[in-house]
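In what follows, a single structure is set out as structure tokens and then discussed.
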Amino acid sequence: MSQENVELVREAFEAFNHGDPSFFLSLYDADIVMRIAPPNIDGGTYHGAEAVERYYTQFFAAFGGSYRVEIEQVINVGDSVLTIQKATAKGRESGATVQKVVPWIVTMRGGKIIRIDHPASLEEALEMVGLSEQDVHADS
Amino acid sequence: MLEHVLIARPPYYGDTARAMSEENAEVVRRWIDLWTRRDWAAYEAIHDPYVVVIPPEGWPDGEVSVGCEAWIRQSMRLKESWVTDRNELEELHVTGSQVVMGARWITKGKDSGIEFDRTLWAVFTLLNRRITRIDWFLDRSQALEAVGLSE
């Protein structure tokens with residue numbers, strides 16, 4: 001199941017990078033919960049597929065379709081998947097390119113995403129899944 | 001853009017996966033004990049601060065609890081009508097990070113003295129030994145089905 005979860009996440013990001021976020025939408029459980037840890041934009045807890053979708057729609061709109069994700073690492077942790085991503089985007093008005101390493105954790109059940117975590121930092125992400133930086137770099 | 005996907009390390013294979021399953025099962029056993037003893041401080045410690053709890057379909061006054069504070073408030077409220085109440089574990093199934101629990105909830109009404117004894121089912125989702133989500137069911141088969149198991 002863990003490997004299936006990794007594959008689903010990978011496929012979802014591929015679709016997203018090709019301008020199709022609907023693959024992600026199809027994976028949301030009706031009672032999905034998303035936690036955005038400050039200082040990420042609009043930090044808080046979002047419950048339900050509609051609320052999560054609304055958040056992402058508004059977030060990506062700020063970059064006018066330029067937001068792209070390059071996955072650097074994918075780590076299975078039980079039914080959760082930690083991805084470490086390099087996100088690149090251009091500000092819609094400023095035109096400035098922004099690049100940031102973003103940790104992202106999804107928890108899945110029965111092929112559906114039941115939870116998304118946007119931790120404040122890589123350290124927090126690793127702590128959440130019970131790993132250390134050494135674990136991440138051990139085999140990479 | 002996805003030039004490479006590196007599976008850095010699958011940390012939970014073999015013995016480690018078994019150890020994780022046992023740890024998760026132990027957290028759920030502890031959950032039952034803490035619930036019964038109303039030890040809310042220890043109860044809080046085994047939940048993720050952003051835990052989500054989904055009540056069983058059709059449960060009277062059932063509402064989704066988002067966040068540990070809300071869930072503890074709801075837990076206290078659920079128990080305040082009973083002069084005594086306890087949970088007795090009947091079944092436990094572990095699959096990945098999910099634990100299916102079947103437990104009898106045995107209660108006695110504070111005012112009425114009426115006894116209530118029914119088995120409830122829950123699917124616990126855990127991450128790093130903390131409960132991140134609980135889905136409640138009135139029906140065993142629904143709980144098993146939720147994690148891809150059959151009767």
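Each chain of the structure tokens is named A, B, ... in the order shown, its residues numbered from 1; ligands are numbered from 1 in display order.
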
Check which residues of chain A sit at most 7 Å from chain B using only C-alpha atoms, and return one row each with the closest pair of atoms and their distance in Å to one decimal, ordered by chain and rising number, as JSON lines.
{"residue": "A:Glu14", "atom": "CA", "partner": "B:Leu2", "partner_atom": "CA", "distance": 6.5}
{"residue": "A:Asn17", "atom": "CA", "partner": "B:Met1", "partner_atom": "CA", "distance": 6.7}
{"residue": "A:Glu70", "atom": "CA", "partner": "B:Leu2", "partner_atom": "CA", "distance": 5.4}
{"residue": "A:Ile71", "atom": "CA", "partner": "B:Val5", "partner_atom": "CA", "distance": 6.1}
{"residue": "A:Glu72", "atom": "CA", "partner": "B:Val5", "partner_atom": "CA", "distance": 6.2}
{"residue": "A:Gln73", "atom": "CA", "partner": "B:Leu6", "partner_atom": "CA", "distance": 5.0}
{"residue": "A:Val74", "atom": "CA", "partner": "B:Ile7", "partner_atom": "CA", "distance": 5.2}
{"residue": "A:Ile75", "atom": "CA", "partner": "B:Ile7", "partner_atom": "CA", "distance": 6.0}
{"residue": "A:Asn76", "atom": "CA", "partner": "B:Pro10", "partner_atom": "CA", "distance": 5.5}
{"residue": "A:Val77", "atom": "CA", "partner": "B:Tyr12", "partner_atom": "CA", "distance": 6.4}
{"residue": "A:Gly78", "atom": "CA", "partner": "B:Ser97", "partner_atom": "CA", "distance": 5.2}
{"residue": "A:Asp79", "atom": "CA", "partner": "B:Ser97", "partner_atom": "CA", "distance": 5.3}
{"residue": "A:Arg109", "atom": "CA", "partner": "B:Val147", "partner_atom": "CA", "distance": 6.5}
{"residue": "A:Gly110", "atom": "CA", "partner": "B:Val147", "partner_atom": "CA", "distance": 6.0}
{"residue": "A:Met128", "atom": "CA", "partner": "B:Asn128", "partner_atom": "CA", "distance": 6.5}
{"residue": "A:Val129", "atom": "CA", "partner": "B:Asn128", "partner_atom": "CA", "distance": 5.2}
{"residue": "A:Gly130", "atom": "CA", "partner": "B:Asn128", "partner_atom": "CA", "distance": 5.4}
{"residue": "A:Val136", "atom": "CA", "partner": "B:Ala8", "partner_atom": "CA", "distance": 6.3}
{"residue": "A:Asp139", "atom": "CA", "partner": "B:Ala8", "partner_atom": "CA", "distance": 5.7}
{"residue": "A:Ser140", "atom": "CA", "partner": "B:Ala8", "partner_atom": "CA", "distance": 5.4}

Filtered DSSP result for range 71-133 of chain B, state strand (DSSP E or B), as a PyMOL selection string:
chain B and resi 82-95+98-109+115-127+130-133

Output C-alpha atoms of each residue in that selection to a file, as a PDB file, in the first residue's frame.
ATOM      1  CA  TRP B  82     -23.041   8.694  32.672  1.00  0.00           C
ATOM      2  CA  VAL B  83     -22.431   7.932  36.300  1.00  0.00           C
ATOM      3  CA  THR B  84     -20.080   5.175  35.184  1.00  0.00           C
ATOM      4  CA  ASP B  85     -18.725   4.235  31.806  1.00  0.00           C
ATOM      5  CA  ARG B  86     -15.946   2.084  30.518  1.00  0.00           C
ATOM      6  CA  ASN B  87     -14.642   0.601  27.288  1.00  0.00           C
ATOM      7  CA  GLU B  88     -13.775  -3.036  26.876  1.00  0.00           C
ATOM      8  CA  LEU B  89     -11.659  -3.977  23.910  1.00  0.00           C
ATOM      9  CA  GLU B  90     -13.128  -6.726  21.734  1.00  0.00           C
ATOM     10  CA  GLU B  91     -11.051  -6.618  18.554  1.00  0.00           C
ATOM     11  CA  LEU B  92      -8.001  -4.883  17.192  1.00  0.00           C
ATOM     12  CA  HIS B  93      -6.727  -5.054  13.616  1.00  0.00           C
ATOM     13  CA  VAL B  94      -3.664  -3.186  12.425  1.00  0.00           C
ATOM     14  CA  THR B  95      -2.976  -2.356   8.806  1.00  0.00           C
ATOM     15  CA  GLN B  98      -4.489   2.385  10.656  1.00  0.00           C
ATOM     16  CA  VAL B  99      -5.855   0.509  13.621  1.00  0.00           C
ATOM     17  CA  VAL B 100      -9.401  -0.839  13.610  1.00  0.00           C
ATOM     18  CA  MET B 101     -10.828  -1.115  17.112  1.00  0.00           C
ATOM     19  CA  GLY B 102     -14.024  -2.791  18.211  1.00  0.00           C
ATOM     20  CA  ALA B 103     -14.894  -1.977  21.818  1.00  0.00           C
ATOM     21  CA  ARG B 104     -17.920  -2.281  24.043  1.00  0.00           C
ATOM     22  CA  TRP B 105     -19.034   0.984  25.590  1.00  0.00           C
ATOM     23  CA  ILE B 106     -20.717   0.115  28.849  1.00  0.00           C
ATOM     24  CA  THR B 107     -22.465   2.980  30.613  1.00  0.00           C
ATOM     25  CA  LYS B 108     -24.995   3.736  33.315  1.00  0.00           C
ATOM     26  CA  GLY B 109     -27.140   6.877  33.099  1.00  0.00           C
ATOM     27  CA  GLU B 115     -27.574   0.820  31.356  1.00  0.00           C
ATOM     28  CA  PHE B 116     -26.264   1.031  27.828  1.00  0.00           C
ATOM     29  CA  ASP B 117     -23.966  -1.569  26.349  1.00  0.00           C
ATOM     30  CA  ARG B 118     -23.044  -1.532  22.717  1.00  0.00           C
ATOM     31  CA  THR B 119     -20.043  -2.238  20.592  1.00  0.00           C
ATOM     32  CA  LEU B 120     -18.684   0.681  18.618  1.00  0.00           C
ATOM     33  CA  TRP B 121     -16.057   0.573  15.911  1.00  0.00           C
ATOM     34  CA  ALA B 122     -13.338   3.053  15.154  1.00  0.00           C
ATOM     35  CA  VAL B 123     -10.532   3.418  12.668  1.00  0.00           C
ATOM     36  CA  PHE B 124      -7.566   5.214  14.194  1.00  0.00           C
ATOM     37  CA  THR B 125      -4.988   6.780  11.878  1.00  0.00           C
ATOM     38  CA  LEU B 126      -1.595   7.380  13.459  1.00  0.00           C
ATOM     39  CA  LEU B 127       1.539   9.218  12.504  1.00  0.00           C
ATOM     40  CA  ARG B 130       0.101  10.073  17.604  1.00  0.00           C
ATOM     41  CA  ILE B 131      -3.545   9.783  16.618  1.00  0.00           C
ATOM     42  CA  THR B 132      -4.254  12.085  13.699  1.00  0.00           C
ATOM     43  CA  ARG B 133      -7.773  10.941  12.891  1.00  0.00           C
TER      44      ARG B 133
END

Who sits within 12 Å of Asp61 in chain B, only C-alpha atoms, same chain under 5 positions skipped, as a PDB file with N, CA and C atoms, in the first residue's frame:
ATOM      1  N   PRO B  55     -17.754  11.422  13.675  1.00  0.00           N
ATOM      2  CA  PRO B  55     -18.698  10.572  14.422  1.00  0.00           C
ATOM      3  C   PRO B  55     -19.338   9.536  13.505  1.00  0.00           C
ATOM      4  N   PRO B  56     -19.966   8.520  14.098  1.00  0.00           N
ATOM      5  CA  PRO B  56     -20.628   7.538  13.249  1.00  0.00           C
ATOM      6  C   PRO B  56     -21.830   8.164  12.527  1.00  0.00           C
ATOM      7  N   GLN B  74     -15.489  17.404  23.402  1.00  0.00           N
ATOM      8  CA  GLN B  74     -16.528  16.478  22.958  1.00  0.00           C
ATOM      9  C   GLN B  74     -16.455  15.170  23.768  1.00  0.00           C
ATOM     10  N   ARG B  77     -17.948  15.774  27.092  1.00  0.00           N
ATOM     11  CA  ARG B  77     -19.411  15.903  26.955  1.00  0.00           C
ATOM     12  C   ARG B  77     -20.062  14.525  26.784  1.00  0.00           C
ATOM     13  N   LEU B  78     -19.408  13.676  25.983  1.00  0.00           N
ATOM     14  CA  LEU B  78     -19.954  12.337  25.740  1.00  0.00           C
ATOM     15  C   LEU B  78     -20.021  11.520  27.027  1.00  0.00           C
TER      16      LEU B  78
END

What's the separation between CA of Ile105 in chain A and CA of Thr83 in chain A, in Å to one decimal place?
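According to the coordinates, CA of Ile105 in chain A and CA of Thr83 in chain A are separated by 6.3 Å.
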
To one decimal place in Å, what is the distance between CA of Glu93 in chain A and CA of Tyr56 in chain A?
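According to the coordinates, CA of Glu93 in chain A and CA of Tyr56 in chain A are separated by 18.6 Å.
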
Across A:Gly48, A:Gly64, A:Pro39, A:Gly19, the smallest distance to Ile116 in chain A, with only C-alpha atoms counted, is shown by A:Gly48

Contacts of Gln99 in chain A within 8 Å, only C-alpha atoms, excl. fewer than 5 positions in-chain, as a list in words:
Lys86, Ala87, Thr88 and Ala89 of chain A

Hey, can you spit out that residue selection with C-alpha atoms as a PDB file, in the first residue's frame?
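As a result, out.pdb now contains:
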ATOM      1  CA  LYS A  86      11.403  22.449  -4.825  1.00  0.00           C
ATOM      2  CA  ALA A  87       8.591  24.845  -5.665  1.00  0.00           C
ATOM      3  CA  THR A  88       9.117  27.539  -8.288  1.00  0.00           C
ATOM      4  CA  ALA A  89       6.678  30.307  -9.153  1.00  0.00           C
TER       5      ALA A  89
END

Could you find all residues in range 30-98 of chain B that DSSP calls alpha helix (DSSP H) from the backbone, and write them as a list of chain:residue names?
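So the alpha helix (DSSP H) residues in range 30-98 of chain B would be B:Arg30, B:Trp31, B:Ile32, B:Asp33, B:Leu34, B:Trp35, B:Thr36, B:Arg37, B:Trp40, B:Ala41, B:Ala42, B:Tyr43, B:Glu44, B:Ala45, B:Cys68, B:Glu69, B:Ala70, B:Trp71, B:Ile72, B:Arg73, B:Gln74, B:Ser75, B:Met76, B:Arg77, B:Leu78, B:Lys79, B:Glu80.
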
Mind dumping the selected residues with C-alpha atoms as a PDB file, in the first residue's frame?
ATOM      1  CA  ARG B  30      -3.764   3.181  25.877  1.00  0.00           C
ATOM      2  CA  TRP B  31      -6.470   5.369  24.335  1.00  0.00           C
ATOM      3  CA  ILE B  32      -9.134   3.007  25.719  1.00  0.00           C
ATOM      4  CA  ASP B  33      -7.597   3.076  29.178  1.00  0.00           C
ATOM      5  CA  LEU B  34      -7.220   6.862  29.284  1.00  0.00           C
ATOM      6  CA  TRP B  35     -10.761   7.393  28.015  1.00  0.00           C
ATOM      7  CA  THR B  36     -12.128   5.109  30.709  1.00  0.00           C
ATOM      8  CA  ARG B  37     -10.041   6.783  33.441  1.00  0.00           C
ATOM      9  CA  TRP B  40      -7.404  14.055  29.856  1.00  0.00           C
ATOM     10  CA  ALA B  41      -3.806  15.266  30.108  1.00  0.00           C
ATOM     11  CA  ALA B  42      -2.404  11.896  29.040  1.00  0.00           C
ATOM     12  CA  TYR B  43      -5.250  11.540  26.545  1.00  0.00           C
ATOM     13  CA  GLU B  44      -4.219  14.825  24.905  1.00  0.00           C
ATOM     14  CA  ALA B  45      -0.613  13.654  24.684  1.00  0.00           C
ATOM     15  CA  CYS B  68      -7.458  18.217  20.019  1.00  0.00           C
ATOM     16  CA  GLU B  69      -9.122  20.818  22.226  1.00  0.00           C
ATOM     17  CA  ALA B  70     -12.440  20.347  20.437  1.00  0.00           C
ATOM     18  CA  TRP B  71     -12.125  16.577  20.652  1.00  0.00           C
ATOM     19  CA  ILE B  72     -11.383  16.608  24.374  1.00  0.00           C
ATOM     20  CA  ARG B  73     -14.380  18.890  24.954  1.00  0.00           C
ATOM     21  CA  GLN B  74     -16.528  16.478  22.958  1.00  0.00           C
ATOM     22  CA  SER B  75     -15.071  13.478  24.833  1.00  0.00           C
ATOM     23  CA  MET B  76     -15.923  15.094  28.175  1.00  0.00           C
ATOM     24  CA  ARG B  77     -19.411  15.903  26.955  1.00  0.00           C
ATOM     25  CA  LEU B  78     -19.954  12.337  25.740  1.00  0.00           C
ATOM     26  CA  LYS B  79     -19.061  11.019  29.184  1.00  0.00           C
ATOM     27  CA  GLU B  80     -20.811  13.571  31.388  1.00  0.00           C
TER      28      GLU B  80
END

I'd like the interatomic distance between CA of Ile84 in chain A and CA of Ala25 in chain B, to a tenth of an Å.
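If I compute the distance from CA of Ile84 in chain A to CA of Ala25 in chain B, I get 28.9 Å.
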